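In what follows, a single structure is set out as structure tokens and then discussed.
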Amino acid sequence: MSELIGRIGFLQEGPFAVARWQALFGNMEQLWQGLLVTLQVASLGLALALALGVVFGVMSSSTWRLPCAIARVYVEFFQNTPLLVQVFMIFNVIPMLSKGMFIPVMVIGVIGVGMYHGAYISEVVRAGIQSIGSGQLEAGLSQGFSYVGTMRHIIIPQAMRIVLPPLTNQAVNLIKNTSVLAVIAGGDLMYAGDSFAGRHGHYGPTYIVVGMLYFFMCFPLAVLTRRLEERLRAGE
Amino acid sequence: MNGLADTPVMQMLVDPVLYKGLGLGLLLTLQVAGLSIVLSFVFGTILGSMRYSGLPVISQIAVTYIEVIRNQPTLLLILLSFFVLRLSGMWAATVGLTIYTSAIVAEIIRGGLNSVSVGQWEAARSQGFSFLQSMRHIVLPPSVVKMIPPIVSQFVTVIKDSSFAMAIGAYELMFKGMILAAKYWQPPQIITIYVLISLIYFVINFALSLVARYLQARLSAGRGTIGS
């Protein structure tokens, strides 16, 4: 085997040499640790994003001026500035304002991706609410449904079908965006991969394995998004 | 002089170094983003057409590329371009963004083409239009209308994601700001720098978002019923 490797140049040296792969697969604990952090940040971040998205989505579809204006400012600011800038602001500015209060990096990650994707989900929720005509609500009420009953049996089932595909799409983007934590040494999958690669110089294999791990997290959700979209289109 | 002019923030704000630094950073950001979007448009159109064609091997290559790349973090692709492909900071950022955005643009192109029903094709071909004529006169006009707004929105994403280039030490807007924050290290100065960076990104991206929304409204209006 080693004789064979010796004869083929790129297996012996270069960015994808066999020895580099062996070194990586012998030291996977670090990557698994990073994967765990990414999954934690992504799931907590998604919960925060959903909560913010529903609150601001309802606010921005309301007819009251003030809540609507607040929601618009939130959405436009977070959608039009880079996530990296927002994360650095939380990372650097909050400790300055609060005289050195320590925020764990994982919490910064959860708040960062949660607020950023909360803005996108807010727009999804708004579109979902606005897609259901007010006639539906009136029809439900006139047929003797209570307000909650109309929402539960008539409005929400219809809105959910419209909201679900873009929502799962946002979940995919959120998982991918947790990788910004790498820039502030957040201990996530990207950071674990990058620091392992940097320490030993095994960039090629490490990035490929890290990429595969992101793929395994995101691809099932991407497939689900497409299924839901197709179901929505078929129902039209 | 009154007290206001002597504050650390004012001292920084009258220093031309600040504006030169941020200006050069913005220039590189726009250069990277502009180049990436142009290249992504070219490769995305090719990939999208490959997938749309449905030809056995060709469409499978496109599907594999699109599905693999769409599910990668952009930062990973930029790091890969820098450390494995050994490109310079500016080119690594451009190539990383292009690899990713091409897959997204391909899906936008395919979505636009798919919005024209098969019946339209058949109608055109049966009336004696050639393949190219059907494309040019029947399929492309309505599908391009569908493609333009999401491509403009994607430009916003590219500008925002170009900030990842700071991770590989490219002197774009975000990284230039961080360098200035090392010179003007006092908390009020650093906060002001962050506000300025956010403001610059915001003005550009918000303007583009408004353009996308305007086009969306303009283009989707007036195409309602037959004969309108």
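A note on labels: chains of the structure tokens are A, B, ... as shown, every chain counts residues from 1, and ligands are counted from 1 in their shown order.
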
*For chain A, list the residues within 6 Å of chain B, counting only C-alpha atoms, and write the list as a PyMOL selection string.*
chain A and resi 80-82+176+204+215+218

Could the residues in this selection be written to a file with N, CA and C atoms, as a JSON list (two decimals), in the first residue's frame?
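New file out12.json:
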[["chain", "number", "residue", "atom", "x", "y", "z"],
["A", 80, "ASN", "N", -30.25, 44.32, 5.97],
["A", 80, "ASN", "CA", -29.38, 45.08, 5.06],
["A", 80, "ASN", "C", -27.99, 45.36, 5.61],
["A", 81, "THR", "N", -27.64, 44.77, 6.76],
["A", 81, "THR", "CA", -26.25, 44.87, 7.23],
["A", 81, "THR", "C", -25.72, 43.44, 7.40],
["A", 82, "PRO", "N", -24.40, 43.27, 7.23],
["A", 82, "PRO", "CA", -23.85, 41.90, 7.30],
["A", 82, "PRO", "C", -23.99, 41.32, 8.71],
["A", 176, "LYS", "N", -26.11, 27.37, 8.14],
["A", 176, "LYS", "CA", -24.89, 27.76, 7.44],
["A", 176, "LYS", "C", -24.27, 29.01, 8.07],
["A", 204, "GLY", "N", -6.92, 20.92, 3.01],
["A", 204, "GLY", "CA", -7.76, 20.24, 2.01],
["A", 204, "GLY", "C", -8.73, 19.25, 2.62],
["A", 215, "PHE", "N", -23.23, 19.75, 4.80],
["A", 215, "PHE", "CA", -24.15, 19.22, 3.80],
["A", 215, "PHE", "C", -25.15, 18.26, 4.44],
["A", 218, "CYS", "N", -27.76, 20.26, 6.27],
["A", 218, "CYS", "CA", -28.63, 21.16, 5.49],
["A", 218, "CYS", "C", -29.44, 20.46, 4.40]]

_From B:Val139, B:Ala212, B:Val14, B:Ile148, residue lying nearest Leu113 (chain B) [only C-alpha atoms]_ = B:Val139

*Test item, alpha helix (DSSP H) assignment across chain B, answer as a PyMOL selection string*: chain B and resi 8-13+16-53+56-70+74-83+89-114+118-126+131-133+140-161+173-183+187-220

*Closest to Ser88 (chain B) among B:Ile61, B:Ala170, B:Val17, B:Ile193, using only C-alpha atoms?*
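Checking each candidate against Ser88 (chain B), we get B:Ala170 as the closest.
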
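As for CA of Arg233 (chain A) and CA of Ile162 (chain A), they are spaced 9.7 Å apart.
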
*With a distance cut-off of 12 Å and only C-alpha atoms, select the neighbouring residues of Trp32 (chain A), excluding the residue or stretch itself and same-chain residues fewer than 3 positions from it, and output the selection as JSON, numbers by chain.*
{"A": [24, 25, 27, 28, 29, 35, 36, 37, 38, 39, 187, 188, 189, 190, 191, 192, 193, 209, 210, 213]}

*How far is it from CA of Val105 (chain B) to CA of Ser130 (chain B), in Å with one decimal?*
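Here the two named atoms are 26.7 Å from each other.
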
*Near-Ile78 (chain B) list (6 Å; only C-alpha atoms; drop same-chain fewer than 4 positions) as a list in words*: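 Contacts, in chain order: Ala92, Ala93 and Gly96 of chain B.
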
*Which is closer to Arg218 (chain B) than all the others in B:Lys146, B:Thr29, B:Thr101, B:Gln11, using only C-alpha atoms?*
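Selected residue with least distance to Arg218 (chain B): B:Lys146.
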
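The shell of residues at most 9 Å from Pro149 (chain B), with only C-alpha atoms counted and near chain neighbours (fewer than 6 positions) removed, consists of Val211, Ala212, Arg213, Tyr214, Leu215, Gln216 and Leu219 of chain B.
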
*Spatial neighbours of Ser134 (chain B), max dist 12 Å, only C-alpha atoms, sep filter under 6 positions, as a list in words*: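 Returned residues: Val116, Val118, Gly119, Gln120, Trp121, Glu122, Ala123, Ala124, Arg125, Ser126, Gln127, Gly128, Leu140 and Pro141 of chain B.
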
*Mind giving me the straight-line distance from CA of Phe155 (chain B) to CA of Gly34 (chain B) in Å, one decimal?*
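Answer for the CA of Phe155 (chain B) to CA of Gly34 (chain B) separation: 8.3 Å.
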
_Would you pick out the contacts of Ser102 (chain B) at 9 Å or less, using only C-alpha atoms, so that residues sharing its chain but fewer than 2 positions from it are not included, and give the list as a PyMOL selection string?_
chain B and resi 36-37+39-45+47-48+66+97-100+104-107
